[in-house]
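Working notes for the structure below.
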Amino acid sequence: MSSLCEDGVGISQTTARCEHCGTEFKVSEERNLFCCSGCEYVYRLIHDEKLDRFYDLKGGKSSPVGDRVFARENFDWLSDLVGLNEKEGIVSLKTGLSGISCVGCVWLIEKLFNSEPGGLECRIDAQKAEVRLRFQSSQFDVISFARRLEKFGYSLRRYEGVATNEISHIVWRLAITSAFALNAMLYTLPTYFGMKDDFSLSSSFSWMSALFASLSMIFGGSYFIVKAARAALVKAVHIDLPISLGLVFAYVFSWYGFYSSKPELVYFDFVSVFVFLMLLGRWLQERTIEANRNRLTSAEMSMPLVDRSAADGSPERVPSSDLRKGDVYWVRSSQFIPVRSELRDSDASLSLSWITGESEPSLFRKNSIIPSGAKILNTDRLQLKALENWSSSLLHRLLAIDEKRLFRDDYLQRFIVIYLVAVICIAIGSGVFWFSKGDLDLAFQSMVSVLVVSCPCAIGIALPLVDDLAQARLRACGLYPRIGDIWAKLRSIKRIIFDKTGTLTRTRLSLVNTSVFDSLSETHLEALSSLARESAHPVAATIRERLMVRGSFSPSSAYAVKEEIGLGLEGNFRGNHYRLGKGSWAAHSGGGVDTVFSCDGKILAKLHFEDRPRPDAQTVFKTLDRLKKRLSILSGDQQSKVDEIANGMGVSLEASLGNLSPFEKANWIRRNQPSSCLMIGDGMNDSVAFEVAGCSGTPVTESELMANKADFYYSGDGLEGVVHLFAVEASRRLAYRAIILFAISYNLFAVGLAIGGFITPLLASVLMPISSLVSLSLGWIFLRKGRV
């Protein structure tokens, strides 16, 4: 254990490493070995099933499990997929896979698959977060396998196909330009080692070097040139602009030197190697961002499939996006209602916390109008009538992700402009100087040398490595950026705004008297497990979580569970009648008790719940205050509840507002310097605020919907990841400054040699890797100093 976060700005209370995932967390009465209930449950399950090798394979850290392991997802879509992909009794299907974070995860999933009868092949692509399964349809129960994976914190998701993305454009270019670079050097080295011009193969070698440089420009250099040109069209200065100019000048003047027989101007080998190194740096920069995005299911794929009434009255399974006004459809328990609808069934219990922030469940009567985004808490499915098309629904509008927004880093753009102007002016000045001296050849040589040796190796290679190391440190804390420009956004953040329900408080209620289960017999625990098994109600979900963590969750299919809307759950088993719900309904003497578990009207357990803040919330707020961040709370929940938590967090009541609609939250941010605001929330009612704020983050919930809109997301049971985010950003900023300072010093030295006419293609080829190695070392030193 330690008493201070090793970033130096962290949480000044006793911390420990989670026994399961290795994440650092604040020790409390509730948590001393595990960072969250999910990790505690999975750790016990892995040991119970003798799968301990997982911990040998996973290495240092993996992702916190969080609450998703306690969710009850609907896998009916898998049955449809099996039917479409079965041939001669063999099913081959591909699905998305969430929760995977290390090689230990791959081993564990394959081990679970191989233990199932009828399983033939399981191939996992961790980078794309997808899995390919082959199995015998008569023996292998794919839904049962999905449920088993769910217990370990992994989830099969509807596969949407991997869209054409940035890294796919880079990988194939990187592969072929590496070959081009090696061949270009192969045909150039003999010249450096003294090959004479009259050697029979000298001309062929020169032409081959020129050929591979040309291929490198076509297949690799074009990547940077096109991106720089596209940015210029919208009047933006892209980081690829200096890279592109350096490549173009070196390539063009190499042809001039080639045709005029002036080897001191030929940089074909430099062009090939530089293209490869720049692509390597860009691959480092993009691969982690893509992996973080692939960990999530897209918003569209996370929305439920619904059973819509066809023209002949029979149900047909369709995605929510196919719903039209007037359609009659059914939605299952735990799912979101996709469009504003009329309730056609009897009464329903729904949660509006995701769209209003109200933490208490709401009761809706038959024929009531239900808003888009409400979550069904009933155990049975509901029949509804759509009152709008999916494209017109609030849920669709708020979940729409604008990936094309252009964020301009003004600091970086100014640096690039100054850098380019300085280099070009020095190059022209050098050429003019030597031309005035009457030496045209030396004028060209010095001008080209200045442009070549000042190519931004630090920007293209070292800075991407720094970003990759920073991403690795954040992953160790369970925090995952979704965008590459998050660092520039964080630099401007002066105010941090938190939603209350599900963000400052846990996504589930907290059971105050956890020892109440100790007095229950195995039969009673089995009855309680069965009552809470399928319900999405917050009380049932909390009971299910606590029973699973303590190893007492043992539901039986022998129970016929019935739900009394607004009152609770009941069922008969072994001649006894069990109830779980409001005290006045569940037991004869239960009046005045919020929740009671009873048998034949006799109280077996009185359960007390609280909507508690996350365990480290108060400490995190104090740390952020020391970092000079202004703190605010914006919530759709009641003002009294917001005031209560604000007092506990030490936030002024003027900066803590309740009863806010999604648009009122956004308007408040607009009035308070939006570019300096970081908005952290978990519900759809935070979606509009995400679009207005300079930066946005969200805790990962079982739906993962908001994580697709945020700039970063985090897992686990605490908020300390937000502190680590700013600590890593500070370390990264120092590393950037050190690398840029070195780059300026190196360029002054190298440009001085170039102006004097001392730079040759051979010396340029030596200086470039040396400067790159020094830049890489600086980045590694600053980002490895201290662990997270």
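Chain labels follow the order of the structure tokens: the first chain is A, the next B, and so on; residue numbering restarts at 1 in every chain, and ligands are counted from 1 in their shown order.
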Backbone-only DSSP, strand (DSSP E or B) members of segment 175-405 of chain A, as a PyMOL selection string:
chain A and resi 305-309+315-319+328-331+336+341-343+348-351+362-364+369-370+375-376+382-386
Which residues, written as a list in words, have at least one atom at most 10 Å from Ser341 of chain A, with only C-alpha atoms counted and residues fewer than 2 positions away on the same chain left out?
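Final neighbour list, sorted by chain and number: Lys325, Gly326, Asp327, Val328, Tyr329, Ile337, Pro338, Val339, Leu343, Arg344, Asn367, Ser368, Ile369, Ile370, Pro371, Ser372, Gln383, Leu384, Lys385, Ala386, Leu387 and Glu388 of chain A.
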Find, counting only C-alpha atoms, the residue in A:Glu342, A:Glu360, A:Glu40, A:Asp322 that gets nearest to Asn389 of chain A.
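Looking at the shortest contact to Asn389 of chain A, the residue is A:Asp322.
By only C-alpha atoms, and with residues fewer than 2 positions from Ala476 of chain A along its chain excluded, the set lying at most 8 Å from it is A:Gly22, A:Thr23, A:Lys61, A:Ser62, A:Ser63, A:Ala472, A:Arg473, A:Leu474, A:Gly478, A:Leu479, A:Val788.
Atom CA of Asp468 of chain A is positioned 12.3 Å from atom CA of Ala735 of chain A.
Nearest to Gly220 of chain A of all the residues A:Leu245, A:Val688, A:Leu277, A:Ile424 is A:Leu277, based on only C-alpha atoms.
Considering only C-alpha atoms, the residue among A:Lys94, A:Lys262, A:Lys128, A:Arg17 positioned nearest to Arg157 of chain A is A:Lys94.
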Tell me, which residues of segment 21-140 of chain A carry DSSP helix (DSSP H, G or I), written as a PyMOL selection string?
chain A and resi 37-48+53-57+66-70+76-84+103-114
Selection file, N, CA and C atoms, as a CSV table (one decimal), in the first residue's frame:
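again-v3.csv was written with the following content:
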chain,number,residue,atom,x,y,z
A,37,SER,N,-16.9,-3.8,-7.0
A,37,SER,CA,-17.5,-5.1,-6.7
A,37,SER,C,-17.4,-6.0,-7.9
A,38,GLY,N,-17.3,-5.5,-9.1
A,38,GLY,CA,-17.1,-6.4,-10.3
A,38,GLY,C,-15.8,-7.1,-10.2
A,39,CYS,N,-14.7,-6.5,-9.9
A,39,CYS,CA,-13.4,-7.1,-9.8
A,39,CYS,C,-13.4,-8.2,-8.7
A,40,GLU,N,-14.1,-7.9,-7.5
A,40,GLU,CA,-14.2,-8.8,-6.4
A,40,GLU,C,-14.9,-10.1,-6.8
A,41,TYR,N,-16.0,-9.9,-7.6
A,41,TYR,CA,-16.8,-11.0,-8.0
A,41,TYR,C,-16.0,-11.9,-9.0
A,42,VAL,N,-15.4,-11.3,-10.0
A,42,VAL,CA,-14.7,-12.0,-11.0
A,42,VAL,C,-13.5,-12.7,-10.4
A,43,TYR,N,-12.8,-12.1,-9.5
A,43,TYR,CA,-11.6,-12.7,-8.9
A,43,TYR,C,-12.0,-14.0,-8.2
A,44,ARG,N,-13.1,-13.9,-7.4
A,44,ARG,CA,-13.6,-15.1,-6.7
A,44,ARG,C,-14.0,-16.2,-7.7
A,45,LEU,N,-14.7,-15.8,-8.8
A,45,LEU,CA,-15.1,-16.8,-9.8
A,45,LEU,C,-13.9,-17.4,-10.5
A,46,ILE,N,-12.9,-16.7,-10.8
A,46,ILE,CA,-11.7,-17.2,-11.5
A,46,ILE,C,-11.1,-18.3,-10.6
A,47,HIS,N,-10.9,-18.0,-9.3
A,47,HIS,CA,-10.3,-18.9,-8.4
A,47,HIS,C,-11.2,-20.2,-8.2
A,48,ASP,N,-12.5,-19.9,-8.1
A,48,ASP,CA,-13.4,-21.1,-7.9
A,48,ASP,C,-13.4,-22.0,-9.0
A,53,ARG,N,-4.4,-19.2,-14.0
A,53,ARG,CA,-3.4,-18.8,-15.0
A,53,ARG,C,-3.6,-17.5,-15.6
A,54,PHE,N,-4.9,-17.1,-15.6
A,54,PHE,CA,-5.2,-15.8,-16.1
A,54,PHE,C,-4.3,-14.7,-15.6
A,55,TYR,N,-4.0,-14.7,-14.3
A,55,TYR,CA,-3.2,-13.7,-13.6
A,55,TYR,C,-1.8,-13.8,-14.0
A,56,ASP,N,-1.3,-15.0,-14.4
A,56,ASP,CA,0.1,-15.1,-14.9
A,56,ASP,C,0.2,-14.5,-16.3
A,57,LEU,N,-0.8,-14.6,-17.1
A,57,LEU,CA,-0.8,-14.2,-18.4
A,57,LEU,C,-1.1,-12.7,-18.6
A,66,GLY,N,-16.0,-3.2,-13.2
A,66,GLY,CA,-17.1,-2.3,-13.0
A,66,GLY,C,-18.4,-3.1,-12.8
A,67,ASP,N,-19.5,-2.4,-13.1
A,67,ASP,CA,-20.8,-2.9,-12.8
A,67,ASP,C,-21.4,-3.8,-13.9
A,68,ARG,N,-20.7,-3.9,-15.1
A,68,ARG,CA,-21.3,-4.6,-16.2
A,68,ARG,C,-21.5,-6.1,-15.9
A,69,VAL,N,-20.7,-6.6,-15.0
A,69,VAL,CA,-20.8,-8.0,-14.7
A,69,VAL,C,-22.1,-8.4,-14.1
A,70,PHE,N,-22.7,-7.4,-13.4
A,70,PHE,CA,-24.0,-7.7,-12.7
A,70,PHE,C,-25.2,-7.4,-13.6
A,76,ASP,N,-31.2,-12.4,-27.3
A,76,ASP,CA,-32.0,-13.0,-28.3
A,76,ASP,C,-31.5,-12.8,-29.7
A,77,TRP,N,-30.8,-11.7,-29.9
A,77,TRP,CA,-30.3,-11.5,-31.3
A,77,TRP,C,-29.3,-12.6,-31.7
A,78,LEU,N,-28.7,-13.3,-30.7
A,78,LEU,CA,-27.8,-14.4,-31.1
A,78,LEU,C,-28.5,-15.5,-31.8
A,79,SER,N,-29.8,-15.8,-31.3
A,79,SER,CA,-30.5,-16.9,-31.9
A,79,SER,C,-30.8,-16.6,-33.4
A,80,ASP,N,-31.1,-15.3,-33.7
A,80,ASP,CA,-31.4,-14.9,-35.1
A,80,ASP,C,-30.1,-15.1,-35.9
A,81,LEU,N,-28.9,-14.7,-35.3
A,81,LEU,CA,-27.7,-14.8,-36.0
A,81,LEU,C,-27.3,-16.2,-36.3
A,82,VAL,N,-27.5,-17.1,-35.3
A,82,VAL,CA,-27.2,-18.6,-35.5
A,82,VAL,C,-28.0,-19.1,-36.7
A,83,GLY,N,-29.3,-18.8,-36.8
A,83,GLY,CA,-30.1,-19.2,-37.9
A,83,GLY,C,-29.6,-18.8,-39.3
A,84,LEU,N,-29.1,-17.6,-39.3
A,84,LEU,CA,-28.6,-17.0,-40.6
A,84,LEU,C,-27.2,-17.6,-41.0
A,103,VAL,N,-3.8,-10.1,-22.9
A,103,VAL,CA,-3.6,-11.5,-23.4
A,103,VAL,C,-4.3,-12.5,-22.5
A,104,GLY,N,-4.3,-12.2,-21.1
A,104,GLY,CA,-5.0,-13.0,-20.2
A,104,GLY,C,-6.5,-13.2,-20.5
A,105,CYS,N,-7.1,-12.1,-21.0
A,105,CYS,CA,-8.5,-12.1,-21.4
A,105,CYS,C,-8.7,-13.1,-22.6
A,106,VAL,N,-7.8,-13.0,-23.5
A,106,VAL,CA,-7.9,-13.9,-24.7
A,106,VAL,C,-7.8,-15.3,-24.3
A,107,TRP,N,-6.9,-15.7,-23.4
A,107,TRP,CA,-6.7,-17.0,-22.9
A,107,TRP,C,-8.0,-17.5,-22.2
A,108,LEU,N,-8.5,-16.6,-21.3
A,108,LEU,CA,-9.7,-17.0,-20.5
A,108,LEU,C,-10.9,-17.2,-21.3
A,109,ILE,N,-11.1,-16.4,-22.3
A,109,ILE,CA,-12.3,-16.6,-23.2
A,109,ILE,C,-12.2,-17.9,-24.0
A,110,GLU,N,-11.0,-18.1,-24.5
A,110,GLU,CA,-10.8,-19.4,-25.3
A,110,GLU,C,-10.9,-20.6,-24.4
A,111,LYS,N,-10.5,-20.4,-23.1
A,111,LYS,CA,-10.6,-21.6,-22.2
A,111,LYS,C,-12.1,-21.8,-21.9
A,112,LEU,N,-12.9,-20.8,-21.7
A,112,LEU,CA,-14.3,-21.0,-21.5
A,112,LEU,C,-15.0,-21.6,-22.7
A,113,PHE,N,-14.6,-21.1,-23.9
A,113,PHE,CA,-15.2,-21.7,-25.1
A,113,PHE,C,-14.9,-23.1,-25.3
A,114,ASN,N,-13.7,-23.5,-25.0
A,114,ASN,CA,-13.2,-24.9,-25.2
A,114,ASN,C,-13.9,-25.8,-24.2
Within 9 Å of Arg491 of chain A, counting only C-alpha atoms, which residues show up once you throw out same-chain ones fewer than 5 positions away? Write them as a list in words, please.
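My list of contacting residues is Ile486, Ser676, Phe726, Glu729, Ala730 and Arg733 of chain A.
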Residue neighbourhood Phe663 of chain A, 9 Å, only C-alpha atoms, exclusion window fewer than 2 positions, as a ChimeraX atom specification:
/A:660-661,665-668,685-686,688-689
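Between Ala540 of chain A and the residues A:Phe224, A:Phe597, A:Phe498, A:Phe573, the shortest atom-to-atom distance, using only C-alpha atoms, involves A:Phe597.
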Nearest to Gly502 of chain A by atom-to-atom distance, counting only C-alpha atoms, from A:Val448, A:Ile680, A:Leu395, A:Leu624:
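Checking each of A:Val448, A:Ile680, A:Leu395, A:Leu624 against Gly502 of chain A, counting only C-alpha atoms, the winner is A:Ile680.
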Using only C-alpha atoms, which protein or nucleic acid residues come within 10 Å of Ser206 of chain A? Drop anything in the same chain fewer than 6 positions from it, and give the result as an MDAnalysis selection string.
chainID A and resid 184 187:188 191 258 266 268
Write a file of the selected residues as a JSON list (two decimals), in the first residue's frame, keeping N, CA, C and O atoms.
[["chain", "number", "residue", "atom", "x", "y", "z"],
["A", 184, "ALA", "N", 15.88, 0.84, -50.73],
["A", 184, "ALA", "CA", 16.54, 2.09, -51.10],
["A", 184, "ALA", "C", 17.90, 2.20, -50.43],
["A", 184, "ALA", "O", 18.90, 2.61, -51.06],
["A", 187, "TYR", "N", 20.49, -0.18, -52.09],
["A", 187, "TYR", "CA", 21.07, 0.27, -53.35],
["A", 187, "TYR", "C", 21.88, 1.57, -53.21],
["A", 187, "TYR", "O", 22.56, 1.98, -54.14],
["A", 188, "THR", "N", 21.79, 2.23, -52.03],
["A", 188, "THR", "CA", 22.53, 3.47, -51.82],
["A", 188, "THR", "C", 23.84, 3.23, -51.06],
["A", 188, "THR", "O", 24.83, 3.94, -51.28],
["A", 191, "THR", "N", 27.34, 3.28, -52.68],
["A", 191, "THR", "CA", 27.87, 4.62, -53.00],
["A", 191, "THR", "C", 28.60, 5.21, -51.80],
["A", 191, "THR", "O", 29.69, 5.79, -51.91],
["A", 258, "PHE", "N", 20.09, 14.14, -59.38],
["A", 258, "PHE", "CA", 20.27, 12.89, -60.12],
["A", 258, "PHE", "C", 20.56, 13.18, -61.60],
["A", 258, "PHE", "O", 21.49, 12.63, -62.19],
["A", 266, "VAL", "N", 21.35, 14.47, -53.85],
["A", 266, "VAL", "CA", 20.50, 13.28, -54.00],
["A", 266, "VAL", "C", 20.20, 12.70, -52.61],
["A", 266, "VAL", "O", 21.11, 12.21, -51.92],
["A", 268, "PHE", "N", 17.52, 10.32, -52.07],
["A", 268, "PHE", "CA", 16.47, 9.32, -52.28],
["A", 268, "PHE", "C", 16.35, 8.36, -51.09],
["A", 268, "PHE", "O", 15.26, 8.01, -50.67]]
Atom CA of Asn708 of chain A to atom CA of Arg482 of chain A: how many Å, to one decimal?
8.2 Å
Segment 133-146 of chain A environment, 8 Å, only C-alpha atoms, sequence neighbours closer than 5 positions dropped, as an NGL selection string
:A and (75-76 or 78-79 or 82 or 86 or 89-94 or 113 or 116-123 or 155-156)
Which residue, A:Ser391, A:Leu762, A:Gln471, A:Tyr419, has the smallest gap to Met185 of chain A when you use only C-alpha atoms?
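When distances to Met185 of chain A are compared using only C-alpha atoms, the smallest one comes from A:Leu762.
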Quick one: pull the distance between atom CA of Ala605 of chain A and atom CA of Leu569 of chain A, Å, one decimal.
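Going from atom CA of Ala605 of chain A over to atom CA of Leu569 of chain A, I get 14.7 Å.
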